[in-house]
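K.L.:
Hey, dropping model.cif in here, mmCIF, C-alpha atoms:
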data_target
loop_
_atom_site.label_atom_id
_atom_site.label_comp_id
_atom_site.auth_asym_id
_atom_site.auth_seq_id
_atom_site.Cartn_x
_atom_site.Cartn_y
_atom_site.Cartn_z
CA MET A 24 0.73 -10.59 -10.01
CA PHE A 25 2.11 -13.15 -12.44
CA GLU A 26 5.35 -15.06 -11.94
CA ARG A 27 6.92 -17.71 -14.14
CA THR A 28 10.20 -18.98 -15.44
CA LYS A 29 10.99 -17.86 -19.00
CA ASP A 30 8.49 -19.28 -21.50
CA GLU A 31 6.94 -21.74 -19.02
CA ALA A 32 3.29 -22.56 -19.67
CA LYS A 33 2.54 -22.64 -15.95
CA GLY A 34 3.42 -20.20 -13.23
CA LEU A 35 1.99 -18.42 -10.23
CA HIS A 36 -0.93 -15.99 -10.36
CA ILE A 37 -2.05 -14.06 -7.30
CA LEU A 38 -5.25 -12.00 -7.43
CA VAL A 39 -6.13 -9.69 -4.54
CA GLU A 40 -9.54 -8.09 -4.67
CA LEU A 41 -11.30 -6.37 -1.80
CA ARG A 42 -10.47 -8.61 1.17
CA ASN A 43 -9.91 -11.83 -0.75
CA ALA A 44 -6.83 -13.40 -2.28
CA VAL A 45 -6.82 -16.16 -4.91
CA ILE A 46 -3.68 -18.10 -5.80
CA ASP A 47 -3.68 -20.28 -8.91
CA GLN A 48 -1.72 -21.02 -12.10
CA ASN A 49 -3.94 -19.08 -14.52
CA LEU A 50 -1.58 -16.89 -16.57
CA SER A 51 -4.26 -15.40 -18.84
CA GLY A 52 -4.15 -11.64 -18.45
CA ASN A 53 -0.39 -11.57 -17.85
CA PRO A 54 0.91 -8.40 -19.55
CA SER A 55 4.16 -10.23 -20.38
CA ALA A 56 4.09 -12.94 -23.02
CA ARG A 57 7.20 -14.67 -21.66
CA ARG A 58 8.08 -13.49 -18.13
CA ASP A 59 6.69 -11.95 -14.95
CA GLY A 60 3.99 -9.30 -15.02
CA LEU A 61 1.95 -7.05 -12.77
CA ARG A 62 -1.53 -5.67 -13.43
CA VAL A 63 -3.16 -3.14 -11.08
CA GLN A 64 -6.74 -2.09 -11.77
CA PHE A 65 -8.07 1.13 -10.26
CA ARG A 66 -11.66 2.19 -9.67
CA CYS A 67 -12.81 5.78 -10.00
CA GLU A 68 -15.18 7.02 -7.30
CA GLY A 69 -16.79 9.64 -9.54
CA CYS A 70 -17.05 7.83 -12.91
CA LEU A 71 -17.16 4.40 -14.51
CA ALA A 72 -13.51 4.41 -15.62
CA THR A 73 -11.32 1.49 -14.57
CA PRO A 74 -7.75 2.47 -15.48
CA VAL A 75 -5.14 -0.30 -15.44
CA LEU A 76 -1.42 -0.04 -14.70
CA THR A 77 0.63 -2.88 -16.22
CA ILE A 78 4.29 -3.68 -15.72
CA ALA A 79 5.93 -6.38 -17.84
CA GLN A 80 9.40 -7.71 -18.56
CA HIS A 81 10.50 -8.23 -22.16
CA LYS A 82 14.03 -8.91 -23.43
CA GLY A 83 15.74 -7.34 -20.43
CA GLN A 84 13.51 -4.28 -20.40
CA THR A 85 10.64 -3.27 -18.14
CA HIS A 86 7.55 -1.94 -19.92
CA VAL A 87 5.14 0.25 -17.94
CA MET A 88 1.74 1.17 -19.42
CA PHE A 89 -1.30 2.99 -18.05
CA ALA A 90 -4.56 2.71 -19.96
CA SER A 91 -8.26 3.13 -19.30
CA GLU A 92 -10.62 0.17 -19.69
CA GLN A 93 -14.32 0.98 -19.86
#
Take the structure from the file and write it as structure tokens.

P.N.:
Amino acid sequence: MFERTKDEAKGLHILVELRNAVIDQNLSGNPSARRDGLRVQFRCEGCLATPVLTIAQHKGQTHVMFASEQ
């Protein structure tokens, strides 16, 4: 999860993986170039696919994308 005020260089980044949570200000990987964003990575039990759901705000619109990263 990425949160920041419009166009700010710093913001809040929360990464939850397995049973750990990391909170920092690293905005690399934010699906939104200027606002808040959400990135959810899935793991397939039967293959090596790691599909990613991204949600980003841009100019008053919410963009939702689902893509596979291998």

K.L.:
Could you list, as a list in words, every residue matched by the PyMOL selection byres ((chain A and resi 50) around 8) in this structure?

P.N.:
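So the PyMOL selection byres ((chain A and resi 50) around 8) ends up selecting Phe25, Lys33, Gly34, Leu35, His36, Gln48, Asn49, Ser51, Gly52 and Asn53 of chain A.
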
K.L.:
Which residues, written as an MDAnalysis selection string, have at least one atom at most 10 Å from A:Gln80, with all atoms listed in the file counted and residues fewer than 5 positions away on the same chain left out?

P.N.:
chainID A and resid 54:61 85:87

K.L.:
Next, write the just-selected residues to a file, as an mmCIF file, in the coordinates of the input, keeping C-alpha atoms as the atom set.

P.N.:
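File part.cif, as written:
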data_model
loop_
_atom_site.group_PDB
_atom_site.id
_atom_site.type_symbol
_atom_site.label_atom_id
_atom_site.label_comp_id
_atom_site.auth_asym_id
_atom_site.auth_seq_id
_atom_site.Cartn_x
_atom_site.Cartn_y
_atom_site.Cartn_z
ATOM 1 C CA PRO A 54 0.910 -8.400 -19.550
ATOM 2 C CA SER A 55 4.160 -10.230 -20.380
ATOM 3 C CA ALA A 56 4.090 -12.940 -23.020
ATOM 4 C CA ARG A 57 7.200 -14.670 -21.660
ATOM 5 C CA ARG A 58 8.080 -13.490 -18.130
ATOM 6 C CA ASP A 59 6.690 -11.950 -14.950
ATOM 7 C CA GLY A 60 3.990 -9.300 -15.020
ATOM 8 C CA LEU A 61 1.950 -7.050 -12.770
ATOM 9 C CA THR A 85 10.640 -3.270 -18.140
ATOM 10 C CA HIS A 86 7.550 -1.940 -19.920
ATOM 11 C CA VAL A 87 5.140 0.250 -17.940
#

K.L.:
Closest to A:Gln64 among A:Ala32, A:Ala44, A:Met24, A:Ala79, using all atoms listed in the file?

P.N.:
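Going through A:Ala32, A:Ala44, A:Met24, A:Ala79 one by one, the smallest distance to A:Gln64 is for A:Met24.
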
K.L.:
Work out how far atom CA of A:Leu76 is from atom CA of A:Glu26, in Å to one decimal.

P.N.:
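Rounded to one decimal, the two atoms are 16.7 Å apart.
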
K.L.:
Care to translate the PyMOL selection byres ((chain A and resi 46) around 6) into actual residues of this file, as a PyMOL selection string?

P.N.:
chain A and resi 36-37+45+47

K.L.:
As a check of understanding, name the residues that the PyMOL selection byres ((chain A and resi 89) around 8) selects in the supplied structure, as a compact mmCIF listing (two decimals) with C-alpha atoms, in the frame of the given file.

P.N.:
# COMPACT_ATOMS: atom_id res chain seq x y z
CA PRO A 74 -7.75 2.47 -15.48
CA VAL A 75 -5.14 -0.30 -15.44
CA LEU A 76 -1.42 -0.04 -14.70
CA THR A 77 0.63 -2.88 -16.22
CA VAL A 87 5.14 0.25 -17.94
CA MET A 88 1.74 1.17 -19.42
CA ALA A 90 -4.56 2.71 -19.96
CA SER A 91 -8.26 3.13 -19.30

K.L.:
What is the atom CA of A:Gln84 to atom CA of A:Glu40 distance in Å?

P.N.:
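Going from atom CA of A:Gln84 over to atom CA of A:Glu40, I get 28.2 Å.
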
K.L.:
Between atom CA of A:Glu31 and atom CA of A:Phe65, what is the distance in Å, rounded to a tenth?

P.N.:
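Here the two named atoms are 28.7 Å from each other.
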
K.L.:
Would you fill out stretch 40-52 of chain A with N, CA and C atoms and return it as a PDB file, keeping the file's coordinate frame?

P.N.:
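Output below, filename rebuild_0.pdb:
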ATOM      1  N   GLU A  40      -8.407  -8.947  -4.363  1.00  0.00           N
ATOM      2  CA  GLU A  40      -9.540  -8.090  -4.670  1.00  0.00           C
ATOM      3  C   GLU A  40     -10.382  -7.927  -3.408  1.00  0.00           C
ATOM      4  N   LEU A  41     -10.620  -6.682  -3.045  1.00  0.00           N
ATOM      5  CA  LEU A  41     -11.300  -6.370  -1.800  1.00  0.00           C
ATOM      6  C   LEU A  41     -10.551  -7.040  -0.659  1.00  0.00           C
ATOM      7  N   ARG A  42     -11.162  -7.953   0.043  1.00  0.00           N
ATOM      8  CA  ARG A  42     -10.470  -8.610   1.170  1.00  0.00           C
ATOM      9  C   ARG A  42     -10.204 -10.074   0.893  1.00  0.00           C
ATOM     10  N   ASN A  43     -10.130 -10.438  -0.363  1.00  0.00           N
ATOM     11  CA  ASN A  43      -9.910 -11.830  -0.750  1.00  0.00           C
ATOM     12  C   ASN A  43      -8.650 -11.955  -1.576  1.00  0.00           C
ATOM     13  N   ALA A  44      -7.988 -13.088  -1.462  1.00  0.00           N
ATOM     14  CA  ALA A  44      -6.830 -13.400  -2.280  1.00  0.00           C
ATOM     15  C   ALA A  44      -7.034 -14.780  -2.896  1.00  0.00           C
ATOM     16  N   VAL A  45      -6.722 -14.892  -4.194  1.00  0.00           N
ATOM     17  CA  VAL A  45      -6.820 -16.160  -4.910  1.00  0.00           C
ATOM     18  C   VAL A  45      -5.448 -16.467  -5.486  1.00  0.00           C
ATOM     19  N   ILE A  46      -4.965 -17.672  -5.251  1.00  0.00           N
ATOM     20  CA  ILE A  46      -3.680 -18.100  -5.800  1.00  0.00           C
ATOM     21  C   ILE A  46      -3.946 -19.294  -6.708  1.00  0.00           C
ATOM     22  N   ASP A  47      -3.499 -19.191  -7.965  1.00  0.00           N
ATOM     23  CA  ASP A  47      -3.680 -20.280  -8.910  1.00  0.00           C
ATOM     24  C   ASP A  47      -2.557 -20.244  -9.951  1.00  0.00           C
ATOM     25  N   GLN A  48      -2.722 -20.986 -11.040  1.00  0.00           N
ATOM     26  CA  GLN A  48      -1.720 -21.020 -12.100  1.00  0.00           C
ATOM     27  C   GLN A  48      -2.254 -20.440 -13.403  1.00  0.00           C
ATOM     28  N   ASN A  49      -3.325 -19.679 -13.340  1.00  0.00           N
ATOM     29  CA  ASN A  49      -3.940 -19.080 -14.520  1.00  0.00           C
ATOM     30  C   ASN A  49      -3.125 -17.867 -14.967  1.00  0.00           C
ATOM     31  N   LEU A  50      -2.426 -17.981 -16.086  1.00  0.00           N
ATOM     32  CA  LEU A  50      -1.580 -16.890 -16.570  1.00  0.00           C
ATOM     33  C   LEU A  50      -2.271 -16.012 -17.610  1.00  0.00           C
ATOM     34  N   SER A  51      -3.556 -16.273 -17.904  1.00  0.00           N
ATOM     35  CA  SER A  51      -4.260 -15.400 -18.840  1.00  0.00           C
ATOM     36  C   SER A  51      -4.376 -14.017 -18.208  1.00  0.00           C
ATOM     37  N   GLY A  52      -4.139 -12.998 -18.974  1.00  0.00           N
ATOM     38  CA  GLY A  52      -4.150 -11.640 -18.450  1.00  0.00           C
ATOM     39  C   GLY A  52      -2.778 -11.129 -18.078  1.00  0.00           C
TER      40      GLY A  52
END
